[in-house]
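Colleague: mmCIF, C-alpha atoms, saved as model-v5.cif, coming up:
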data_target
#
loop_
_atom_site.group_PDB
_atom_site.id
_atom_site.type_symbol
_atom_site.label_atom_id
_atom_site.label_comp_id
_atom_site.auth_asym_id
_atom_site.auth_seq_id
_atom_site.Cartn_x
_atom_site.Cartn_y
_atom_site.Cartn_z
ATOM 1 C CA MET A 1 -72.399 -3.807 62.951
ATOM 2 C CA THR A 2 -69.828 -6.592 63.087
ATOM 3 C CA GLU A 3 -66.268 -6.868 61.817
ATOM 4 C CA THR A 4 -64.490 -10.112 61.009
ATOM 5 C CA ASP A 5 -61.222 -11.267 59.501
ATOM 6 C CA LEU A 6 -61.816 -13.649 56.608
ATOM 7 C CA ALA A 7 -58.960 -16.034 55.849
ATOM 8 C CA ARG A 8 -57.873 -16.099 52.211
ATOM 9 C CA GLY A 9 -54.961 -18.530 52.051
ATOM 10 C CA ASP A 10 -52.022 -16.888 53.799
ATOM 11 C CA ARG A 11 -53.750 -13.523 54.163
ATOM 12 C CA VAL A 12 -56.893 -12.075 55.750
ATOM 13 C CA LEU A 13 -59.528 -9.600 54.617
ATOM 14 C CA ARG A 14 -61.074 -7.262 57.174
ATOM 15 C CA VAL A 15 -64.835 -7.261 56.508
ATOM 16 C CA ARG A 16 -67.477 -4.920 57.933
ATOM 17 C CA ASP A 17 -71.137 -6.006 57.972
ATOM 18 C CA ALA A 18 -73.621 -3.242 58.844
ATOM 19 C CA GLY A 19 -77.120 -1.978 58.091
ATOM 20 C CA ASP A 20 -80.125 -4.316 58.071
ATOM 21 C CA PRO A 21 -78.919 -7.943 58.457
ATOM 22 C CA GLN A 22 -82.036 -9.138 56.608
ATOM 23 C CA GLY A 23 -81.842 -6.440 53.946
ATOM 24 C CA HIS A 24 -80.776 -6.353 50.309
ATOM 25 C CA PRO A 25 -76.977 -6.907 50.255
ATOM 26 C CA ILE A 26 -74.759 -4.212 48.774
ATOM 27 C CA VAL A 27 -70.994 -4.718 48.695
ATOM 28 C CA TYR A 28 -69.204 -1.368 48.906
ATOM 29 C CA PHE A 29 -65.730 -0.763 47.419
ATOM 30 C CA HIS A 30 -63.797 2.041 49.084
ATOM 31 C CA GLY A 31 -61.872 4.797 47.329
ATOM 32 C CA THR A 32 -58.157 5.231 46.652
ATOM 33 C CA PRO A 33 -56.940 5.595 49.308
ATOM 34 C CA GLY A 34 -59.760 4.499 51.597
ATOM 35 C CA SER A 35 -61.002 1.737 53.838
ATOM 36 C CA ARG A 36 -64.063 -0.244 54.824
ATOM 37 C CA LEU A 37 -64.973 2.717 57.064
ATOM 38 C CA ASP A 38 -65.627 5.018 54.071
ATOM 39 C CA ILE A 39 -69.304 4.153 54.116
ATOM 40 C CA ALA A 40 -69.802 4.002 57.903
ATOM 41 C CA PHE A 41 -71.487 7.410 57.847
ATOM 42 C CA ALA A 42 -74.405 5.753 56.005
ATOM 43 C CA ASP A 43 -75.105 2.873 58.424
ATOM 44 C CA GLY A 44 -78.350 4.471 59.583
ATOM 45 C CA LEU A 45 -79.434 5.180 56.021
ATOM 46 C CA ALA A 46 -78.812 1.545 55.155
ATOM 47 C CA VAL A 47 -81.098 0.396 57.979
ATOM 48 C CA GLU A 48 -83.824 2.787 56.811
ATOM 49 C CA ALA A 49 -83.444 1.561 53.211
ATOM 50 C CA GLY A 50 -83.486 -2.123 54.145
ATOM 51 C CA VAL A 51 -79.898 -2.606 52.975
ATOM 52 C CA ARG A 52 -77.277 -4.957 54.340
ATOM 53 C CA LEU A 53 -74.114 -2.914 53.808
ATOM 54 C CA VAL A 54 -70.938 -4.971 53.454
ATOM 55 C CA SER A 55 -67.554 -3.314 53.013
ATOM 56 C CA PHE A 56 -63.993 -4.578 53.192
ATOM 57 C CA ASP A 57 -60.396 -3.398 53.006
ATOM 58 C CA ARG A 58 -58.547 -4.325 49.842
ATOM 59 C CA PRO A 59 -55.123 -5.897 50.524
ATOM 60 C CA GLY A 60 -52.723 -3.519 52.242
ATOM 61 C CA TYR A 61 -55.464 -1.173 53.416
ATOM 62 C CA GLY A 62 -56.800 -1.069 56.971
ATOM 63 C CA GLY A 63 -56.911 -4.533 58.491
ATOM 64 C CA SER A 64 -56.300 -6.595 55.339
ATOM 65 C CA THR A 65 -52.968 -8.282 54.735
ATOM 66 C CA PRO A 66 -50.759 -6.528 52.155
ATOM 67 C CA ALA A 67 -50.632 -8.524 48.945
ATOM 68 C CA ARG A 68 -50.540 -8.138 45.191
ATOM 69 C CA PHE A 69 -54.046 -7.697 43.772
ATOM 70 C CA GLY A 70 -55.994 -6.671 40.689
ATOM 71 C CA LEU A 71 -59.517 -6.308 39.402
ATOM 72 C CA VAL A 72 -60.112 -10.049 39.000
ATOM 73 C CA SER A 73 -58.600 -11.116 42.326
ATOM 74 C CA VAL A 74 -60.675 -8.553 44.212
ATOM 75 C CA ALA A 75 -63.803 -9.866 42.474
ATOM 76 C CA ASP A 76 -62.818 -13.345 43.664
ATOM 77 C CA ASP A 77 -62.472 -11.925 47.180
ATOM 78 C CA VAL A 78 -66.033 -10.610 46.934
ATOM 79 C CA ALA A 79 -67.294 -14.093 46.099
ATOM 80 C CA ALA A 80 -65.477 -15.472 49.144
ATOM 81 C CA ILE A 81 -66.910 -12.741 51.381
ATOM 82 C CA ALA A 82 -70.433 -13.401 50.137
ATOM 83 C CA ASP A 83 -69.998 -17.124 50.715
ATOM 84 C CA ALA A 84 -68.726 -16.547 54.251
ATOM 85 C CA LEU A 85 -71.687 -14.290 55.060
ATOM 86 C CA GLY A 86 -74.215 -16.670 53.533
ATOM 87 C CA ILE A 87 -75.162 -14.230 50.782
ATOM 88 C CA ASP A 88 -76.085 -15.509 47.327
ATOM 89 C CA ARG A 89 -76.448 -12.360 45.227
ATOM 90 C CA VAL A 90 -75.255 -8.796 45.800
ATOM 91 C CA ALA A 91 -75.319 -5.355 44.278
ATOM 92 C CA THR A 92 -71.985 -3.531 44.110
ATOM 93 C CA LEU A 93 -71.194 0.122 44.767
ATOM 94 C CA GLY A 94 -67.788 1.736 44.310
ATOM 95 C CA LEU A 95 -66.660 5.245 45.197
ATOM 96 C CA SER A 96 -63.857 6.833 43.189
ATOM 97 C CA GLY A 97 -61.031 4.254 42.936
ATOM 98 C CA GLY A 98 -63.490 1.607 44.112
ATOM 99 C CA GLY A 99 -65.597 2.082 40.982
ATOM 100 C CA PRO A 100 -63.461 -0.115 38.703
ATOM 101 C CA PHE A 101 -63.680 -2.950 41.238
ATOM 102 C CA ALA A 102 -67.481 -2.661 41.455
ATOM 103 C CA LEU A 103 -67.623 -3.015 37.655
ATOM 104 C CA ALA A 104 -65.084 -5.849 37.593
ATOM 105 C CA ALA A 105 -67.143 -7.847 40.081
ATOM 106 C CA ALA A 106 -70.080 -7.746 37.655
ATOM 107 C CA ALA A 107 -67.858 -8.922 34.792
ATOM 108 C CA VAL A 108 -66.261 -11.745 36.789
ATOM 109 C CA LEU A 109 -69.355 -12.801 38.782
ATOM 110 C CA PRO A 110 -72.274 -12.388 36.358
ATOM 111 C CA ASP A 111 -74.477 -14.852 38.241
ATOM 112 C CA ARG A 112 -73.967 -13.196 41.617
ATOM 113 C CA VAL A 113 -74.018 -9.447 40.943
ATOM 114 C CA THR A 114 -77.474 -7.938 40.442
ATOM 115 C CA ARG A 115 -76.722 -4.246 39.866
ATOM 116 C CA VAL A 116 -73.672 -2.004 39.796
ATOM 117 C CA GLY A 117 -73.203 1.538 41.037
ATOM 118 C CA VAL A 118 -70.181 3.731 40.324
ATOM 119 C CA ALA A 119 -69.909 7.043 42.169
ATOM 120 C CA SER A 120 -67.280 9.375 40.715
ATOM 121 C CA GLY A 121 -65.061 6.527 39.525
ATOM 122 C CA PRO A 122 -62.196 6.592 37.010
ATOM 123 C CA GLY A 123 -61.868 4.705 33.768
ATOM 124 C CA PRO A 124 -58.522 3.337 32.579
ATOM 125 C CA PHE A 125 -56.330 6.440 32.392
ATOM 126 C CA ALA A 126 -54.331 4.962 29.530
ATOM 127 C CA LEU A 127 -57.428 4.622 27.339
ATOM 128 C CA VAL A 128 -59.635 7.559 28.322
ATOM 129 C CA PRO A 129 -58.883 10.736 26.334
ATOM 130 C CA GLY A 130 -57.460 13.225 28.811
ATOM 131 C CA GLY A 131 -56.708 10.578 31.420
ATOM 132 C CA LEU A 132 -52.922 10.619 31.114
ATOM 133 C CA ASP A 133 -52.923 14.391 31.510
ATOM 134 C CA MET A 134 -53.967 13.860 35.134
ATOM 135 C CA LEU A 135 -50.863 11.820 35.996
ATOM 136 C CA ASP A 136 -47.682 13.333 37.414
ATOM 137 C CA ASP A 137 -44.175 12.395 36.315
ATOM 138 C CA ASP A 138 -43.854 9.635 38.924
ATOM 139 C CA ASP A 139 -47.146 8.097 37.818
ATOM 140 C CA ILE A 140 -46.045 8.193 34.172
ATOM 141 C CA ALA A 141 -42.789 6.480 35.148
ATOM 142 C CA ALA A 142 -44.752 3.807 37.033
ATOM 143 C CA LEU A 143 -47.077 3.262 34.090
ATOM 144 C CA ALA A 144 -44.077 2.789 31.794
ATOM 145 C CA LEU A 145 -43.108 -0.288 33.838
ATOM 146 C CA LEU A 146 -46.321 -2.056 32.863
ATOM 147 C CA PRO A 147 -47.162 -4.707 31.929
ATOM 148 C CA GLY A 148 -43.706 -6.206 32.422
ATOM 149 C CA ASP A 149 -42.973 -5.167 36.011
ATOM 150 C CA PRO A 150 -46.191 -4.807 38.040
ATOM 151 C CA VAL A 151 -44.326 -5.091 41.342
ATOM 152 C CA GLY A 152 -42.032 -2.225 40.412
ATOM 153 C CA ALA A 153 -44.969 -0.178 39.119
ATOM 154 C CA ALA A 154 -46.926 -0.734 42.343
ATOM 155 C CA ARG A 155 -43.904 0.380 44.361
ATOM 156 C CA ARG A 156 -43.516 3.515 42.234
ATOM 157 C CA PHE A 157 -47.223 4.347 42.407
ATOM 158 C CA ALA A 158 -47.217 3.748 46.170
ATOM 159 C CA ALA A 159 -44.515 6.370 46.635
ATOM 160 C CA GLY A 160 -47.058 8.985 45.644
ATOM 161 C CA PHE A 161 -49.213 8.015 48.627
ATOM 162 C CA GLU A 162 -46.426 8.211 51.211
ATOM 163 C CA PRO A 163 -47.228 11.830 52.212
ATOM 164 C CA TYR A 164 -50.678 10.631 53.238
ATOM 165 C CA VAL A 165 -49.202 7.945 55.488
ATOM 166 C CA ALA A 166 -47.245 10.298 57.736
ATOM 167 C CA SER A 167 -49.836 13.044 57.949
ATOM 168 C CA PHE A 168 -52.844 10.825 58.551
ATOM 169 C CA ARG A 169 -51.034 9.209 61.444
ATOM 170 C CA ALA A 170 -50.184 12.548 63.060
ATOM 171 C CA THR A 171 -53.073 14.920 62.379
ATOM 172 C CA PRO A 172 -56.625 14.991 63.783
ATOM 173 C CA ALA A 173 -58.814 13.220 61.268
ATOM 174 C CA GLY A 174 -61.249 16.039 60.527
ATOM 175 C CA GLU A 175 -58.470 18.428 59.480
ATOM 176 C CA LEU A 176 -56.993 16.173 56.829
ATOM 177 C CA ILE A 177 -59.508 16.338 54.013
ATOM 178 C CA MET A 178 -58.895 19.959 53.069
ATOM 179 C CA GLU A 179 -55.148 19.568 53.649
ATOM 180 C CA HIS A 180 -54.798 16.858 51.011
ATOM 181 C CA PHE A 181 -57.654 17.485 48.589
ATOM 182 C CA GLY A 182 -58.613 21.126 49.082
ATOM 183 C CA ASP A 183 -57.013 22.463 45.901
ATOM 184 C CA ARG A 184 -58.909 19.864 43.814
ATOM 185 C CA MET A 185 -62.294 20.165 45.500
ATOM 186 C CA SER A 186 -65.300 21.770 43.913
ATOM 187 C CA PRO A 187 -67.208 24.385 45.915
ATOM 188 C CA ARG A 188 -69.874 21.772 46.690
ATOM 189 C CA ASP A 189 -67.240 19.316 47.933
ATOM 190 C CA ARG A 190 -65.929 22.021 50.243
ATOM 191 C CA GLU A 191 -69.414 22.553 51.632
ATOM 192 C CA LEU A 192 -69.833 18.844 52.305
ATOM 193 C CA VAL A 193 -66.564 18.408 54.163
ATOM 194 C CA ALA A 194 -67.328 21.499 56.204
ATOM 195 C CA ASP A 195 -69.857 19.240 57.958
ATOM 196 C CA GLU A 196 -67.844 18.115 60.971
ATOM 197 C CA ARG A 197 -69.600 14.753 61.148
ATOM 198 C CA LEU A 198 -68.805 13.856 57.536
ATOM 199 C CA ALA A 199 -65.276 15.242 57.635
ATOM 200 C CA THR A 200 -64.437 13.359 60.823
ATOM 201 C CA ALA A 201 -65.922 10.097 59.526
ATOM 202 C CA TYR A 202 -63.997 10.332 56.261
ATOM 203 C CA GLY A 203 -60.806 11.359 58.029
ATOM 204 C CA LEU A 204 -61.040 8.331 60.329
ATOM 205 C CA SER A 205 -61.485 6.110 57.295
ATOM 206 C CA MET A 206 -58.359 7.571 55.731
ATOM 207 C CA LYS A 207 -56.377 7.082 58.928
ATOM 208 C CA GLU A 208 -57.429 3.439 58.898
ATOM 209 C CA ALA A 209 -56.554 3.161 55.197
ATOM 210 C CA MET A 210 -52.981 4.300 55.737
ATOM 211 C CA ARG A 211 -52.105 2.514 58.973
ATOM 212 C CA GLN A 212 -50.109 -0.246 57.206
ATOM 213 C CA GLY A 213 -48.511 2.059 54.656
ATOM 214 C CA ALA A 214 -49.151 2.867 51.020
ATOM 215 C CA THR A 215 -49.025 -0.496 49.253
ATOM 216 C CA GLY A 216 -52.783 -0.657 48.754
ATOM 217 C CA GLY A 217 -52.776 2.564 46.772
ATOM 218 C CA GLY A 218 -49.931 1.303 44.625
ATOM 219 C CA TRP A 219 -51.793 -1.847 43.623
ATOM 220 C CA ASP A 220 -55.029 0.080 43.076
ATOM 221 C CA ASN A 221 -53.255 2.167 40.464
ATOM 222 C CA VAL A 222 -51.731 -0.895 38.827
ATOM 223 C CA ALA A 223 -55.248 -2.334 38.564
ATOM 224 C CA TRP A 224 -56.979 0.546 36.806
ATOM 225 C CA VAL A 225 -54.554 3.168 35.478
ATOM 226 C CA PRO A 226 -53.571 0.976 32.458
ATOM 227 C CA ALA A 227 -56.020 -1.030 30.354
ATOM 228 C CA TRP A 228 -58.229 -3.194 32.558
ATOM 229 C CA GLU A 229 -58.050 -6.977 32.786
ATOM 230 C CA VAL A 230 -61.835 -7.330 32.462
ATOM 231 C CA ASP A 231 -64.057 -6.789 29.434
ATOM 232 C CA LEU A 232 -66.685 -4.183 30.280
ATOM 233 C CA ALA A 233 -68.703 -5.243 27.243
ATOM 234 C CA THR A 234 -69.526 -8.526 28.995
ATOM 235 C CA ILE A 235 -71.414 -6.841 31.848
ATOM 236 C CA SER A 236 -75.068 -7.792 31.533
ATOM 237 C CA ARG A 237 -76.465 -6.241 34.728
ATOM 238 C CA PRO A 238 -77.875 -2.714 35.116
ATOM 239 C CA VAL A 239 -75.067 -0.217 35.710
ATOM 240 C CA LEU A 240 -75.657 3.220 37.233
ATOM 241 C CA LEU A 241 -72.951 5.864 36.848
ATOM 242 C CA TRP A 242 -73.223 8.891 39.159
ATOM 243 C CA TYR A 243 -71.019 11.930 38.485
ATOM 244 C CA GLY A 244 -70.875 15.598 39.354
ATOM 245 C CA ASP A 245 -70.188 17.893 36.437
ATOM 246 C CA ASP A 246 -67.722 19.862 38.595
ATOM 247 C CA ASP A 247 -65.687 16.842 39.751
ATOM 248 C CA ARG A 248 -61.977 17.726 39.697
ATOM 249 C CA LEU A 249 -60.687 14.378 40.988
ATOM 250 C CA ALA A 250 -62.555 12.150 38.509
ATOM 251 C CA PRO A 251 -63.564 14.624 35.777
ATOM 252 C CA PRO A 252 -66.721 14.132 33.698
ATOM 253 C CA PHE A 253 -64.840 12.564 30.792
ATOM 254 C CA PHE A 254 -64.407 9.395 32.893
ATOM 255 C CA GLY A 255 -68.156 9.036 33.305
ATOM 256 C CA GLU A 256 -68.697 9.666 29.610
ATOM 257 C CA TRP A 257 -66.120 7.031 28.626
ATOM 258 C CA LEU A 258 -67.620 4.423 30.944
ATOM 259 C CA HIS A 259 -71.103 5.187 29.641
ATOM 260 C CA GLU A 260 -69.873 4.609 26.093
ATOM 261 C CA ASN A 261 -68.090 1.359 26.982
ATOM 262 C CA VAL A 262 -70.492 -0.320 29.428
ATOM 263 C CA PRO A 263 -73.505 -1.599 27.483
ATOM 264 C CA GLY A 264 -76.846 -0.300 28.690
ATOM 265 C CA SER A 265 -75.364 1.841 31.455
ATOM 266 C CA GLN A 266 -77.242 4.850 32.782
ATOM 267 C CA LEU A 267 -75.262 8.050 33.354
ATOM 268 C CA VAL A 268 -76.615 10.479 35.944
ATOM 269 C CA TRP A 269 -75.151 13.991 35.959
ATOM 270 C CA ARG A 270 -75.520 16.269 38.959
ATOM 271 C CA ALA A 271 -75.078 19.916 38.102
ATOM 272 C CA GLY A 272 -72.706 21.873 40.308
ATOM 273 C CA GLU A 273 -71.577 18.815 42.261
ATOM 274 C CA GLY A 274 -68.108 17.370 42.625
ATOM 275 C CA HIS A 275 -66.409 14.197 43.775
ATOM 276 C CA PHE A 276 -68.156 13.438 47.051
ATOM 277 C CA GLY A 277 -71.758 13.163 45.916
ATOM 278 C CA LEU A 278 -72.045 9.811 47.697
ATOM 279 C CA MET A 279 -72.029 11.719 50.977
ATOM 280 C CA GLU A 280 -75.360 13.387 50.199
ATOM 281 C CA HIS A 281 -76.971 10.857 47.843
ATOM 282 C CA ALA A 282 -76.260 7.536 49.577
ATOM 283 C CA ALA A 283 -79.930 6.847 50.300
ATOM 284 C CA GLU A 284 -80.852 7.450 46.657
ATOM 285 C CA MET A 285 -78.053 5.144 45.513
ATOM 286 C CA PHE A 286 -79.111 2.403 47.918
ATOM 287 C CA SER A 287 -82.659 2.615 46.590
ATOM 288 C CA ALA A 288 -81.564 2.451 42.944
ATOM 289 C CA LEU A 289 -79.334 -0.561 43.587
ATOM 290 C CA THR A 290 -81.998 -2.603 45.348
ATOM 291 C CA VAL A 291 -84.840 -2.311 42.841
ATOM 292 C CA PRO A 292 -86.438 -5.783 42.567
#
Would it be possible to restate this file's structure as structure tokens?

Modeller:
Amino acid sequence: MTETDLARGDRVLRVRDAGDPQGHPIVYFHGTPGSRLDIAFADGLAVEAGVRLVSFDRPGYGGSTPARFGLVSVADDVAAIADALGIDRVATLGLSGGGPFALAAAAVLPDRVTRVGVASGPGPFALVPGGLDMLDDDDIAALALLPGDPVGAARRFAAGFEPYVASFRATPAGELIMEHFGDRMSPRDRELVADERLATAYGLSMKEAMRQGATGGGWDNVAWVPAWEVDLATISRPVLLWYGDDDRLAPPFFGEWLHENVPGSQLVWRAGEGHFGLMEHAAEMFSALTVP
């Protein structure tokens, strides 16, 4: 595993390169909030699957410089990362809030993305029936500032992540998952995070995500809570959508909406599972995304 800082004008992206260096490249997009370390628990699985597993912090998360960003600019960052690593074509995989970015990369980079995987990802809240019901009053106020004032909206959205910043800096990593997400976890999610190895790995990723503050989360929400700046109908690569039917963070209606709006997509339901299916199905996902 190696980590590098890739210069992008007046900012840097922190990039993690793990797994099999000669394997099939998969670019992983972390959740909201999250960091390049989200997927570190699967490094060994990537080696076994013959996968080169590349992840990076979006601006403002982890080691990447805070900056304004959106679906298209993050796709452009992926192209720059692939160029720097000498990679021609990649599959993309996004967990939760990383899902929209995995899809956007396929829309923006049709000649470079081979397959797309979305694990428990949202659709545009403003367009998906039931989506706005998941937003609190502060989120609704932030959304009302768009499209005219994205900076103000990002600042308002970011305020909702501030409680994470203080607690993830002060609390042992493994204790944080239940503290922040416990009331919205399915029984299966609770079982998964009871595994000390997984809970600690995810908690460390969240600590890394929040070490510069909450701006990354604010811009994530600006990117995919309103209508998206990419046309999903233009995606021509195979798209795999993985959802648990008991997901309380990205409910099933998001998967259904994406399936209806991404041509040729395949929707995989897992009965009794919740939001963190990636933790137990990573090997299966790697295999599906690297089919010749």

Colleague: Translate the PyMOL selection byres ((chain A and resi 220) around 9) into a concrete residue list for this structure, as a list in words.

Modeller: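 Selected by the PyMOL selection byres ((chain A and resi 220) around 9) here: Thr32, Pro33, Arg58, Phe69, Gly70, Leu71, Gly97, Gly98, Ala154, Phe157, Thr215, Gly216, Gly217, Gly218, Trp219, Asn221, Val222, Ala223, Trp224 and Val225 of chain A.
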
Colleague: Write the selection just made, keeping C-alpha atoms, as a short mmCIF file (atom, residue, chain, number, x, y, z; two decimals), in the frame of the given file?

Modeller:
data_model
loop_
_atom_site.label_atom_id
_atom_site.label_comp_id
_atom_site.auth_asym_id
_atom_site.auth_seq_id
_atom_site.Cartn_x
_atom_site.Cartn_y
_atom_site.Cartn_z
CA THR A 32 -58.16 5.23 46.65
CA PRO A 33 -56.94 5.60 49.31
CA ARG A 58 -58.55 -4.32 49.84
CA PHE A 69 -54.05 -7.70 43.77
CA GLY A 70 -55.99 -6.67 40.69
CA LEU A 71 -59.52 -6.31 39.40
CA GLY A 97 -61.03 4.25 42.94
CA GLY A 98 -63.49 1.61 44.11
CA ALA A 154 -46.93 -0.73 42.34
CA PHE A 157 -47.22 4.35 42.41
CA THR A 215 -49.02 -0.50 49.25
CA GLY A 216 -52.78 -0.66 48.75
CA GLY A 217 -52.78 2.56 46.77
CA GLY A 218 -49.93 1.30 44.62
CA TRP A 219 -51.79 -1.85 43.62
CA ASN A 221 -53.26 2.17 40.46
CA VAL A 222 -51.73 -0.90 38.83
CA ALA A 223 -55.25 -2.33 38.56
CA TRP A 224 -56.98 0.55 36.81
CA VAL A 225 -54.55 3.17 35.48
#

Colleague: Can you list, as a ChimeraX atom specification, every protein, DNA or RNA residue that comes within 6 Å of range 101-118 of chain A when you count only C-alpha atoms, leaving out same-chain residues fewer than 5 positions away?

Modeller: /A:71,75,89-94,235,237-241,289

Colleague: When the PyMOL selection byres ((chain A and resi 247-252) around 6) is applied to the structure above, which residues does it catch, written out as a list in words?

Modeller: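 Output from the PyMOL selection byres ((chain A and resi 247-252) around 6), applied to this file: Ser120, Pro122, Arg184, Gly244, Asp245, Asp246, Phe253, Phe254, Gly255, Gly274 and His275 of chain A.
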
Colleague: To one decimal place, how far is CA of Val51 in chain A from CA of Leu95 in chain A in Å?

Modeller: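 Atom-to-atom, CA of Val51 in chain A and CA of Leu95 in chain A are spaced 17.2 Å apart.
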
Colleague: Which one is closest to Ala159 in chain A: A:Phe125, A:Ser55, A:Thr290, A:Gly213? Count only C-alpha atoms.

Modeller: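 The shortest atom-to-atom distance to Ala159 in chain A comes from A:Gly213.
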
Colleague: Let me know the residues the PyMOL selection byres ((chain A and resi 45) around 12) catches in the file above, as number ranges by chain.

Modeller: A: 18-20, 39-44, 46-53, 279-287

Colleague: Rounded to one decimal, what separation in Å do you get between CA of Gly264 in chain A and CA of Val54 in chain A?

Modeller: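 Going from CA of Gly264 in chain A over to CA of Val54 in chain A, I get 25.9 Å.
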
Colleague: Mind giving me the straight-line distance from CA of Glu208 in chain A to CA of Gly62 in chain A in Å, one decimal?

Modeller: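 These two atoms are separated by 4.9 Å.
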
Colleague: Ranking A:Arg68, A:Arg155, A:Arg8, A:Arg188 by minimum distance to Ala80 in chain A and counting only C-alpha atoms, which one comes first?

Modeller: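 Residue with the minimum atom-to-atom distance to Ala80 in chain A: A:Arg8.
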